[in-house]
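Dumped run.cif below, it's mmCIF, C-alpha atoms:
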data_data
loop_
_atom_site.group_PDB
_atom_site.id
_atom_site.type_symbol
_atom_site.label_atom_id
_atom_site.label_comp_id
_atom_site.auth_asym_id
_atom_site.auth_seq_id
_atom_site.Cartn_x
_atom_site.Cartn_y
_atom_site.Cartn_z
ATOM 1 C CA MET Q 14 28.357 -12.514 50.830
ATOM 2 C CA SER Q 15 26.571 -15.626 52.128
ATOM 3 C CA LYS Q 16 25.653 -18.464 49.782
ATOM 4 C CA LYS Q 17 21.985 -17.621 50.220
ATOM 5 C CA LEU Q 18 22.458 -13.964 49.264
ATOM 6 C CA LEU Q 19 24.695 -14.980 46.355
ATOM 7 C CA LYS Q 20 22.013 -17.363 45.117
ATOM 8 C CA ILE Q 21 19.349 -14.638 45.345
ATOM 9 C CA PHE Q 22 21.664 -12.212 43.554
ATOM 10 C CA LEU Q 23 22.329 -14.682 40.732
ATOM 11 C CA ILE Q 24 18.616 -15.392 40.377
ATOM 12 C CA LEU Q 25 17.902 -11.660 40.102
ATOM 13 C CA VAL Q 26 20.664 -11.213 37.499
ATOM 14 C CA ALA Q 27 19.317 -14.139 35.522
ATOM 15 C CA ALA Q 28 15.794 -12.711 35.687
ATOM 16 C CA VAL Q 29 16.998 -9.316 34.478
ATOM 17 C CA CYS Q 30 18.884 -10.974 31.610
ATOM 18 C CA VAL Q 31 15.770 -12.904 30.595
ATOM 19 C CA ILE Q 32 13.685 -9.722 30.654
ATOM 20 C CA VAL Q 33 16.280 -7.788 28.620
ATOM 21 C CA CYS Q 34 16.492 -10.595 26.060
ATOM 22 C CA ALA Q 35 12.706 -10.806 25.818
ATOM 23 C CA VAL Q 36 12.347 -7.054 25.340
ATOM 24 C CA SER Q 37 15.139 -7.052 22.749
ATOM 25 C CA ILE Q 38 13.459 -9.862 20.836
ATOM 26 C CA ILE Q 39 10.171 -7.940 20.884
ATOM 27 C CA PHE Q 40 11.879 -4.769 19.603
ATOM 28 C CA ILE Q 41 13.661 -6.686 16.824
ATOM 29 C CA TRP Q 42 10.425 -8.460 15.910
ATOM 30 C CA GLN Q 43 8.562 -5.148 15.780
ATOM 31 C CA TYR Q 44 11.301 -3.630 13.630
ATOM 32 C CA LYS Q 45 11.345 -6.531 11.151
ATOM 33 C CA LYS Q 46 7.555 -6.680 11.083
ATOM 34 C CA GLY Q 47 7.456 -2.951 10.340
ATOM 35 C CA LEU Q 48 9.849 -3.418 7.430
ATOM 36 C CA SER Q 49 7.874 -6.413 6.179
ATOM 37 C CA ASP Q 50 4.570 -4.547 6.430
ATOM 38 C CA HIS Q 51 6.030 -1.595 4.541
ATOM 39 C CA GLU Q 52 7.428 -3.817 1.778
ATOM 40 C CA ALA Q 53 4.026 -5.460 1.445
ATOM 41 C CA LEU Q 54 2.344 -2.054 1.296
ATOM 42 C CA VAL Q 55 4.740 -0.845 -1.401
ATOM 43 C CA SER Q 56 4.196 -4.022 -3.411
ATOM 44 C CA GLN Q 57 0.438 -3.611 -3.126
ATOM 45 C CA VAL Q 58 0.034 0.058 -4.014
ATOM 46 C CA LYS Q 59 3.258 1.416 -5.543
ATOM 47 C CA SER Q 60 5.202 0.996 -8.779
ATOM 48 C CA SER Q 61 8.070 2.871 -10.393
ATOM 49 C CA PHE Q 62 7.268 6.408 -11.457
ATOM 50 C CA SER Q 63 10.362 6.642 -13.651
ATOM 51 C CA ALA Q 64 9.250 3.580 -15.614
ATOM 52 C CA LEU Q 65 5.712 4.879 -15.980
ATOM 53 C CA LYS Q 66 6.969 8.316 -16.958
ATOM 54 C CA ASP Q 67 9.141 6.774 -19.676
ATOM 55 C CA LYS Q 68 6.171 4.782 -20.968
ATOM 56 C CA SER Q 69 4.108 7.945 -21.255
ATOM 57 C CA GLN Q 70 6.524 9.272 -23.893
ATOM 58 C CA PRO Q 71 6.110 8.444 -27.608
ATOM 59 C CA GLU Q 72 8.008 5.277 -28.581
ATOM 60 C CA ASP Q 73 9.130 6.684 -31.924
ATOM 61 C CA SER Q 74 9.615 10.002 -33.625
ATOM 62 C CA VAL Q 75 6.189 10.175 -35.285
ATOM 63 C CA GLN Q 76 4.947 13.750 -35.266
ATOM 64 C CA LEU Q 77 2.010 14.030 -32.887
ATOM 65 C CA PRO Q 78 -0.732 16.659 -33.028
ATOM 66 C CA GLU Q 79 -0.095 19.605 -30.748
ATOM 67 C CA ALA Q 80 -1.578 18.955 -27.319
ATOM 68 C CA THR Q 81 -4.573 21.071 -26.455
ATOM 69 C CA GLU Q 82 -4.601 20.087 -22.773
ATOM 70 C CA GLU Q 83 -1.994 19.702 -20.080
ATOM 71 C CA PRO Q 84 -0.335 16.265 -20.464
ATOM 72 C CA VAL Q 85 -1.162 13.602 -17.917
ATOM 73 C CA VAL Q 86 1.387 11.117 -16.560
ATOM 74 C CA ASP Q 87 0.743 7.751 -14.970
ATOM 75 C CA LEU Q 88 0.423 7.855 -11.195
ATOM 76 C CA PRO Q 89 2.509 5.082 -9.554
ATOM 77 C CA VAL Q 90 0.461 4.912 -6.339
ATOM 78 C CA ASP Q 91 -2.924 3.241 -5.892
ATOM 79 C CA PHE Q 92 -4.573 5.728 -3.559
ATOM 80 C CA ALA Q 93 -7.873 3.843 -3.689
ATOM 81 C CA ALA Q 94 -6.132 0.884 -2.047
ATOM 82 C CA LEU Q 95 -4.511 3.205 0.494
ATOM 83 C CA GLU Q 96 -7.885 4.757 1.305
ATOM 84 C CA GLU Q 97 -9.107 1.322 2.352
ATOM 85 C CA ILE Q 98 -6.079 0.853 4.608
ATOM 86 C CA ASN Q 99 -6.305 4.292 6.235
ATOM 87 C CA PRO Q 100 -8.063 7.463 4.989
ATOM 88 C CA ASP Q 101 -5.385 9.538 6.758
ATOM 89 C CA ILE Q 102 -2.904 8.529 4.037
ATOM 90 C CA TYR Q 103 -3.039 11.468 1.638
ATOM 91 C CA ALA Q 104 0.305 11.408 -0.202
ATOM 92 C CA TRP Q 105 3.469 9.401 -0.779
ATOM 93 C CA VAL Q 106 7.094 10.566 -0.581
ATOM 94 C CA GLU Q 107 9.972 9.008 -2.490
ATOM 95 C CA ILE Q 108 13.639 9.916 -2.855
ATOM 96 C CA PRO Q 109 15.075 7.762 -5.668
ATOM 97 C CA GLY Q 110 18.222 5.896 -4.709
ATOM 98 C CA THR Q 111 17.383 5.883 -0.995
ATOM 99 C CA THR Q 112 15.183 3.857 1.351
ATOM 100 C CA ILE Q 113 12.790 6.789 1.698
ATOM 101 C CA ASN Q 114 9.666 5.488 -0.026
ATOM 102 C CA TYR Q 115 6.696 5.903 2.312
ATOM 103 C CA PRO Q 116 3.079 6.970 2.638
ATOM 104 C CA VAL Q 117 2.437 10.396 4.155
ATOM 105 C CA LEU Q 118 -0.251 10.764 6.807
ATOM 106 C CA GLN Q 119 -2.089 13.506 8.620
ATOM 107 C CA HIS Q 120 -4.526 13.041 11.488
ATOM 108 C CA PRO Q 121 -7.568 15.328 11.199
ATOM 109 C CA THR Q 122 -7.261 16.685 14.756
ATOM 110 C CA LYS Q 123 -4.048 15.495 16.464
ATOM 111 C CA ASP Q 124 -0.760 16.930 15.193
ATOM 112 C CA GLU Q 125 1.475 14.283 16.782
ATOM 113 C CA TYR Q 126 -0.744 11.225 16.331
ATOM 114 C CA TYR Q 127 1.449 9.612 13.665
ATOM 115 C CA ASN Q 128 4.591 10.226 15.655
ATOM 116 C CA ASP Q 129 3.795 6.879 17.296
ATOM 117 C CA HIS Q 130 1.236 5.265 14.988
ATOM 118 C CA GLY Q 131 1.849 3.291 11.832
ATOM 119 C CA ALA Q 132 0.310 3.726 8.381
ATOM 120 C CA ASP Q 133 -2.499 1.368 9.408
ATOM 121 C CA GLY Q 134 -3.460 3.728 12.259
ATOM 122 C CA LYS Q 135 -2.323 1.314 14.980
ATOM 123 C CA TYR Q 136 0.175 2.158 17.708
ATOM 124 C CA SER Q 137 3.786 1.758 16.598
ATOM 125 C CA PRO Q 138 6.925 3.210 18.203
ATOM 126 C CA TYR Q 139 8.312 3.669 14.696
ATOM 127 C CA GLY Q 140 5.554 6.074 13.736
ATOM 128 C CA SER Q 141 4.976 7.254 10.170
ATOM 129 C CA ILE Q 142 5.910 10.089 7.865
ATOM 130 C CA PHE Q 143 3.415 12.812 8.720
ATOM 131 C CA SER Q 144 2.461 16.471 8.542
ATOM 132 C CA GLN Q 145 0.598 18.502 11.140
ATOM 133 C CA VAL Q 146 -2.957 19.612 10.502
ATOM 134 C CA SER Q 147 -2.445 22.806 12.535
ATOM 135 C CA TYR Q 148 0.147 24.087 10.070
ATOM 136 C CA ASN Q 149 -0.274 22.370 6.695
ATOM 137 C CA GLY Q 150 -3.093 21.254 4.457
ATOM 138 C CA ARG Q 151 -2.991 18.130 2.331
ATOM 139 C CA ASP Q 152 -2.412 19.770 -1.056
ATOM 140 C CA PHE Q 153 1.230 20.955 -0.707
ATOM 141 C CA HIS Q 154 0.157 24.441 -1.772
ATOM 142 C CA GLU Q 155 1.562 26.312 1.235
ATOM 143 C CA PRO Q 156 4.863 28.179 0.828
ATOM 144 C CA VAL Q 157 6.489 25.655 3.197
ATOM 145 C CA THR Q 158 5.241 22.140 3.894
ATOM 146 C CA VAL Q 159 6.973 20.138 6.629
ATOM 147 C CA LEU Q 160 7.026 16.331 6.815
ATOM 148 C CA TYR Q 161 8.326 14.627 9.936
ATOM 149 C CA GLY Q 162 9.771 11.164 10.462
ATOM 150 C CA HIS Q 163 11.932 9.345 13.003
ATOM 151 C CA ASN Q 164 15.662 8.849 12.546
ATOM 152 C CA LEU Q 165 16.467 6.101 15.078
ATOM 153 C CA VAL Q 166 14.086 4.043 17.206
ATOM 154 C CA TYR Q 167 15.642 1.778 19.836
ATOM 155 C CA GLY Q 168 18.979 2.359 18.116
ATOM 156 C CA MET Q 169 17.745 1.059 14.753
ATOM 157 C CA GLU Q 170 17.451 3.165 11.622
ATOM 158 C CA ASN Q 171 13.938 4.328 10.893
ATOM 159 C CA MET Q 172 12.078 5.940 7.988
ATOM 160 C CA PHE Q 173 13.925 9.258 7.751
ATOM 161 C CA ALA Q 174 17.340 7.995 8.889
ATOM 162 C CA MET Q 175 18.897 8.572 5.466
ATOM 163 C CA LEU Q 176 18.193 12.307 5.659
ATOM 164 C CA ASN Q 177 21.312 12.569 7.816
ATOM 165 C CA ASN Q 178 23.303 11.261 4.844
ATOM 166 C CA TYR Q 179 22.735 14.620 3.155
ATOM 167 C CA ALA Q 180 25.496 15.954 5.419
ATOM 168 C CA ASP Q 181 27.838 14.259 2.932
ATOM 169 C CA ALA Q 182 28.391 16.473 -0.134
ATOM 170 C CA ASP Q 183 28.553 13.569 -2.591
ATOM 171 C CA PHE Q 184 25.309 12.090 -1.282
ATOM 172 C CA PHE Q 185 23.696 15.533 -1.413
ATOM 173 C CA ASP Q 186 24.639 15.943 -5.089
ATOM 174 C CA ALA Q 187 23.619 12.413 -6.070
ATOM 175 C CA HIS Q 188 20.145 12.477 -4.479
ATOM 176 C CA ASP Q 189 18.757 15.878 -5.427
ATOM 177 C CA THR Q 190 15.272 14.837 -6.562
ATOM 178 C CA ILE Q 191 12.247 14.201 -4.342
ATOM 179 C CA TYR Q 192 8.843 13.064 -5.597
ATOM 180 C CA ILE Q 193 5.557 13.622 -3.820
ATOM 181 C CA TYR Q 194 2.601 11.671 -5.163
ATOM 182 C CA THR Q 195 -0.971 12.752 -4.451
ATOM 183 C CA PRO Q 196 -4.228 11.201 -5.727
ATOM 184 C CA ASN Q 197 -4.140 13.361 -8.875
ATOM 185 C CA SER Q 198 -0.614 14.684 -9.290
ATOM 186 C CA VAL Q 199 3.109 14.056 -9.199
ATOM 187 C CA LEU Q 200 5.153 16.837 -7.611
ATOM 188 C CA GLU Q 201 8.853 16.980 -8.422
ATOM 189 C CA TYR Q 202 11.187 18.863 -6.070
ATOM 190 C CA ARG Q 203 14.868 19.748 -6.307
ATOM 191 C CA VAL Q 204 16.943 19.649 -3.124
ATOM 192 C CA PHE Q 205 18.663 22.955 -2.341
ATOM 193 C CA ALA Q 206 19.606 22.698 1.355
ATOM 194 C CA ALA Q 207 20.529 20.243 4.093
ATOM 195 C CA TYR Q 208 21.517 21.526 7.527
ATOM 196 C CA VAL Q 209 21.270 21.170 11.282
ATOM 197 C CA HIS Q 210 18.461 23.130 12.931
ATOM 198 C CA SER Q 211 17.397 23.639 16.518
ATOM 199 C CA ASN Q 212 14.270 21.880 17.759
ATOM 200 C CA GLU Q 213 12.341 25.120 17.240
ATOM 201 C CA HIS Q 214 9.131 24.561 15.279
ATOM 202 C CA ILE Q 215 9.782 26.078 11.846
ATOM 203 C CA LEU Q 216 6.151 26.880 11.052
ATOM 204 C CA ALA Q 217 4.895 27.922 14.492
ATOM 205 C CA TYR Q 218 6.952 31.094 14.637
ATOM 206 C CA ARG Q 219 6.984 32.253 11.017
ATOM 207 C CA ASP Q 220 4.377 33.330 8.507
ATOM 208 C CA PHE Q 221 5.917 32.149 5.254
ATOM 209 C CA THR Q 222 3.081 33.724 3.264
ATOM 210 C CA ASP Q 223 4.872 36.987 4.034
ATOM 211 C CA ALA Q 224 7.458 37.428 1.262
ATOM 212 C CA VAL Q 225 9.861 39.239 3.581
ATOM 213 C CA VAL Q 226 9.722 36.458 6.186
ATOM 214 C CA PHE Q 227 10.158 33.833 3.471
ATOM 215 C CA ASP Q 228 13.191 35.498 1.888
ATOM 216 C CA GLU Q 229 14.839 36.311 5.222
ATOM 217 C CA TYR Q 230 14.558 32.739 6.466
ATOM 218 C CA PHE Q 231 16.116 31.159 3.399
ATOM 219 C CA LYS Q 232 18.794 33.812 3.310
ATOM 220 C CA SER Q 233 19.624 33.015 6.945
ATOM 221 C CA ILE Q 234 20.056 29.268 6.388
ATOM 222 C CA ARG Q 235 22.585 29.974 3.654
ATOM 223 C CA GLU Q 236 24.745 31.604 6.296
ATOM 224 C CA THR Q 237 25.039 28.260 8.087
ATOM 225 C CA ASP Q 238 28.668 27.204 7.883
ATOM 226 C CA ASP Q 239 29.522 23.786 9.291
ATOM 227 C CA VAL Q 240 30.624 20.372 8.057
ATOM 228 C CA TYR Q 241 27.060 19.023 8.195
ATOM 229 C CA SER Q 242 25.518 21.575 5.799
ATOM 230 C CA ASN Q 243 25.239 21.506 2.026
ATOM 231 C CA PHE Q 244 23.530 23.899 -0.392
ATOM 232 C CA ASN Q 245 22.718 24.212 -4.078
ATOM 233 C CA ASP Q 246 22.426 27.917 -4.839
ATOM 234 C CA GLU Q 247 20.906 27.215 -8.260
ATOM 235 C CA TYR Q 248 17.655 26.139 -6.614
ATOM 236 C CA MET Q 249 17.498 28.511 -3.658
ATOM 237 C CA PRO Q 250 13.825 29.562 -3.423
ATOM 238 C CA ALA Q 251 12.292 32.993 -3.622
ATOM 239 C CA ALA Q 252 8.896 34.243 -2.431
ATOM 240 C CA GLU Q 253 6.021 32.514 -4.254
ATOM 241 C CA ASP Q 254 8.042 29.287 -4.592
ATOM 242 C CA ARG Q 255 6.796 26.177 -2.790
ATOM 243 C CA VAL Q 256 9.226 24.416 -0.486
ATOM 244 C CA LEU Q 257 9.131 20.880 0.874
ATOM 245 C CA THR Q 258 10.887 20.395 4.215
ATOM 246 C CA LEU Q 259 11.811 16.950 5.525
ATOM 247 C CA SER Q 260 12.686 16.911 9.226
ATOM 248 C CA THR Q 261 14.210 14.264 11.492
ATOM 249 C CA CYS Q 262 16.489 14.041 14.532
ATOM 250 C CA PHE Q 263 20.138 14.922 14.009
ATOM 251 C CA ASN Q 264 22.391 11.868 14.354
ATOM 252 C CA ARG Q 265 24.877 13.577 16.640
ATOM 253 C CA ASN Q 266 22.405 15.361 18.901
ATOM 254 C CA ASN Q 267 18.807 14.206 19.146
ATOM 255 C CA ARG Q 268 17.824 17.566 20.625
ATOM 256 C CA GLN Q 269 18.467 19.070 17.216
ATOM 257 C CA ARG Q 270 16.827 18.461 13.856
ATOM 258 C CA TYR Q 271 18.386 17.594 10.534
ATOM 259 C CA ILE Q 272 16.538 19.394 7.758
ATOM 260 C CA VAL Q 273 16.464 18.647 4.037
ATOM 261 C CA GLN Q 274 14.644 21.187 1.871
ATOM 262 C CA ALA Q 275 13.638 21.123 -1.768
ATOM 263 C CA VAL Q 276 11.850 23.542 -4.096
ATOM 264 C CA LEU Q 277 8.998 22.546 -6.398
ATOM 265 C CA VAL Q 278 10.185 22.439 -10.016
ATOM 266 C CA ASP Q 279 7.353 20.549 -11.706
ATOM 267 C CA GLU Q 280 3.733 19.626 -10.989
ATOM 268 C CA MET Q 281 2.246 17.011 -13.288
ATOM 269 C CA LYS Q 282 -1.344 15.888 -13.522
ATOM 270 C CA ALA Q 283 -1.492 12.153 -12.967
ATOM 271 C CA VAL Q 284 -3.934 9.265 -13.174
ATOM 272 C CA PHE Q 285 -3.454 5.805 -11.700
ATOM 273 C CA ASN Q 286 -3.463 3.082 -14.342
ATOM 274 C CA PRO Q 287 -3.745 -0.397 -12.764
ATOM 275 C CA THR Q 288 -2.535 -2.076 -15.959
ATOM 276 C CA ASP Q 289 0.615 0.009 -16.181
ATOM 277 C CA SER Q 290 1.215 -0.395 -12.451
ATOM 278 C CA ALA Q 291 1.077 -4.176 -12.711
ATOM 279 C CA GLU Q 292 3.502 -4.118 -15.645
ATOM 280 C CA GLY Q 293 5.800 -1.750 -13.720
ATOM 281 C CA ASN Q 294 6.015 -4.274 -10.864
#

Give the structure from this file in structure tokens form.
Amino acid sequence: MSKKLLKIFLILVAAVCVIVCAVSIIFIWQYKKGLSDHEALVSQVKSSFSALKDKSQPEDSVQLPEATEEPVVDLPVDFAALEEINPDIYAWVEIPGTTINYPVLQHPTKDEYYNDHGADGKYSPYGSIFSQVSYNGRDFHEPVTVLYGHNLVYGMENMFAMLNNYADADFFDAHDTIYIYTPNSVLEYRVFAAYVHSNEHILAYRDFTDAVVFDEYFKSIRETDDVYSNFNDEYMPAAEDRVLTLSTCFNRNNRQRYIVQAVLVDEMKAVFNPTDSAEGN
């Protein structure tokens, strides 16, 4: 190779290296900014439900009059503040003891909009936690509600990355509670299944309002037998139960999904109390 060609080659290599470094810096900056924005959002609108729930209990053993109405717990999410950020934010999902602590969004017309848009509605490769308007409403009243979130983006862990940890039996047992917060309620779910699934759309091909379809599906997943699956038979659902499904890419094959499912065990009326929220923070 002549000196001139070698020089041109080295210049091209250097240019490619500069471009790669610049792109990498942008990706890292986007990732850190996303984390920072989320932490700021949590600080602004979210406090600890467990702390608020404890505060809602009597502090001593004084006998209280029998309640005539359903008890109300404190809501740990300021949905009025979220409404100002983006009216497509309609719920919040939290799994205690994990990093999963995010707003839930749904675009009114585009199922995949929040696959690549952040909670503020702006484009983001990291997307959001979202449901699809074609298959689920915003009240979590369907037999099966599915929430989607990315696992890895540019090789970095994203919002639903920790779902893959449910492949470990100890992790599965230790993180069996999921909370969904809505503007007027706290929904408590108990995890009963974690398993690898194909990329088939769970809701598109099944009518879970049909009791036979519902029972057959959840019977079939129990027949899954591999090292990445875990089940809690105590909470296996039956027709008329309400199931929350969290879906992300499977770590070992991004053409498959890793699914974590939980059954509704409690639905509590809730009201946001700014004073309690501030104290909780």

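If you measure from each of Q:Phe185, Q:Phe173, Q:Phe221, Q:Tyr248 to Phe205 in chain Q using only C-alpha atoms, the closest one turns out to be Q:Tyr248.
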
- Item | Nearest-residue call for Arg219 in chain Q, choices Q:Tyr192, Q:Tyr103, Q:Tyr115, Q:Tyr148, using all atoms listed in the file | Q:Tyr148

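Closest to Asp124 in chain Q among Q:Met175, Q:Val86, Q:Val159, Q:Ala104 is Q:Val159, based on all atoms listed in the file.
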
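Taking CA of Val85 in chain Q and CA of Val278 in chain Q as endpoints, the distance between them is 16.4 Å.
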
- Message: For the PyMOL selection byres ((chain Q and resi 210) around 10), applied here, can you spell out every residue it catches as a ChimeraX atom specification?
- Response: /Q:207-209,211-215,234,237,260-263,268-272

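Checking Q:Glu247, Q:Asp220, Q:Asp186, Q:Glu280 one by one against Pro156 in chain Q, counting all atoms listed in the file, you find the shortest gap at Q:Asp220.
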
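Near range 109-113 of chain Q, within a cut-off of 9 Å and counting only C-alpha atoms, sit the residues Val106, Glu107, Tyr115, Met172, Phe173, Ala174, Met175, Leu176, Ala187, His188, Asp189, Thr190, Ile191 and Tyr192 of chain Q, with same-chain residues fewer than 2 positions away left out.
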
- Query: Which residue, Q:Asn267, Q:Trp105, Q:Val273, Q:Pro196, has the smallest gap to Leu165 in chain Q when you use all atoms listed in the file?
  - Reply: Q:Asn267

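Between CA of Asp181 in chain Q and CA of Tyr230 in chain Q the separation is 23.0 Å.
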
- May I ask for the distance between CA of Ile102 in chain Q and CA of Val117 in chain Q, given in Å to one decimal place? 5.7 Å

- Message: Could you list, as a ChimeraX atom specification, every residue within 7 Å of Tyr139 in chain Q, counting all atoms listed in the file and ignoring same-chain residues fewer than 4 positions away?
- Response: /Q:129,163,166,171

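The shortest atom-to-atom distance to Ile142 in chain Q, with all atoms listed in the file taken into account, belongs to Q:Leu118 out of Q:Leu118, Q:Val240, Q:Ala217, Q:Ala206.
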
- Please evaluate the PyMOL selection byres ((chain Q and resi 201) around 12) against the displayed coordinates and give the resulting residues as an MDAnalysis selection string. chainID Q and resid 62:63 106:109 153 189:195 198:200 202:204 255:257 275:282

- Message: Just want the 12 Å neighbourhood of Val225 in chain Q, counted on only C-alpha atoms, with same-chain residues fewer than 6 positions away dropped. Output as a ChimeraX atom specification.
- Response: /Q:219,231-232,251-253

- Using all atoms listed in the file, what residues lie at most 9 Å away from (7.7, 9.2, 15.6) (file coordinates), given as a PyMOL selection string? chain Q and resi 125-130+137-143+161-164+166
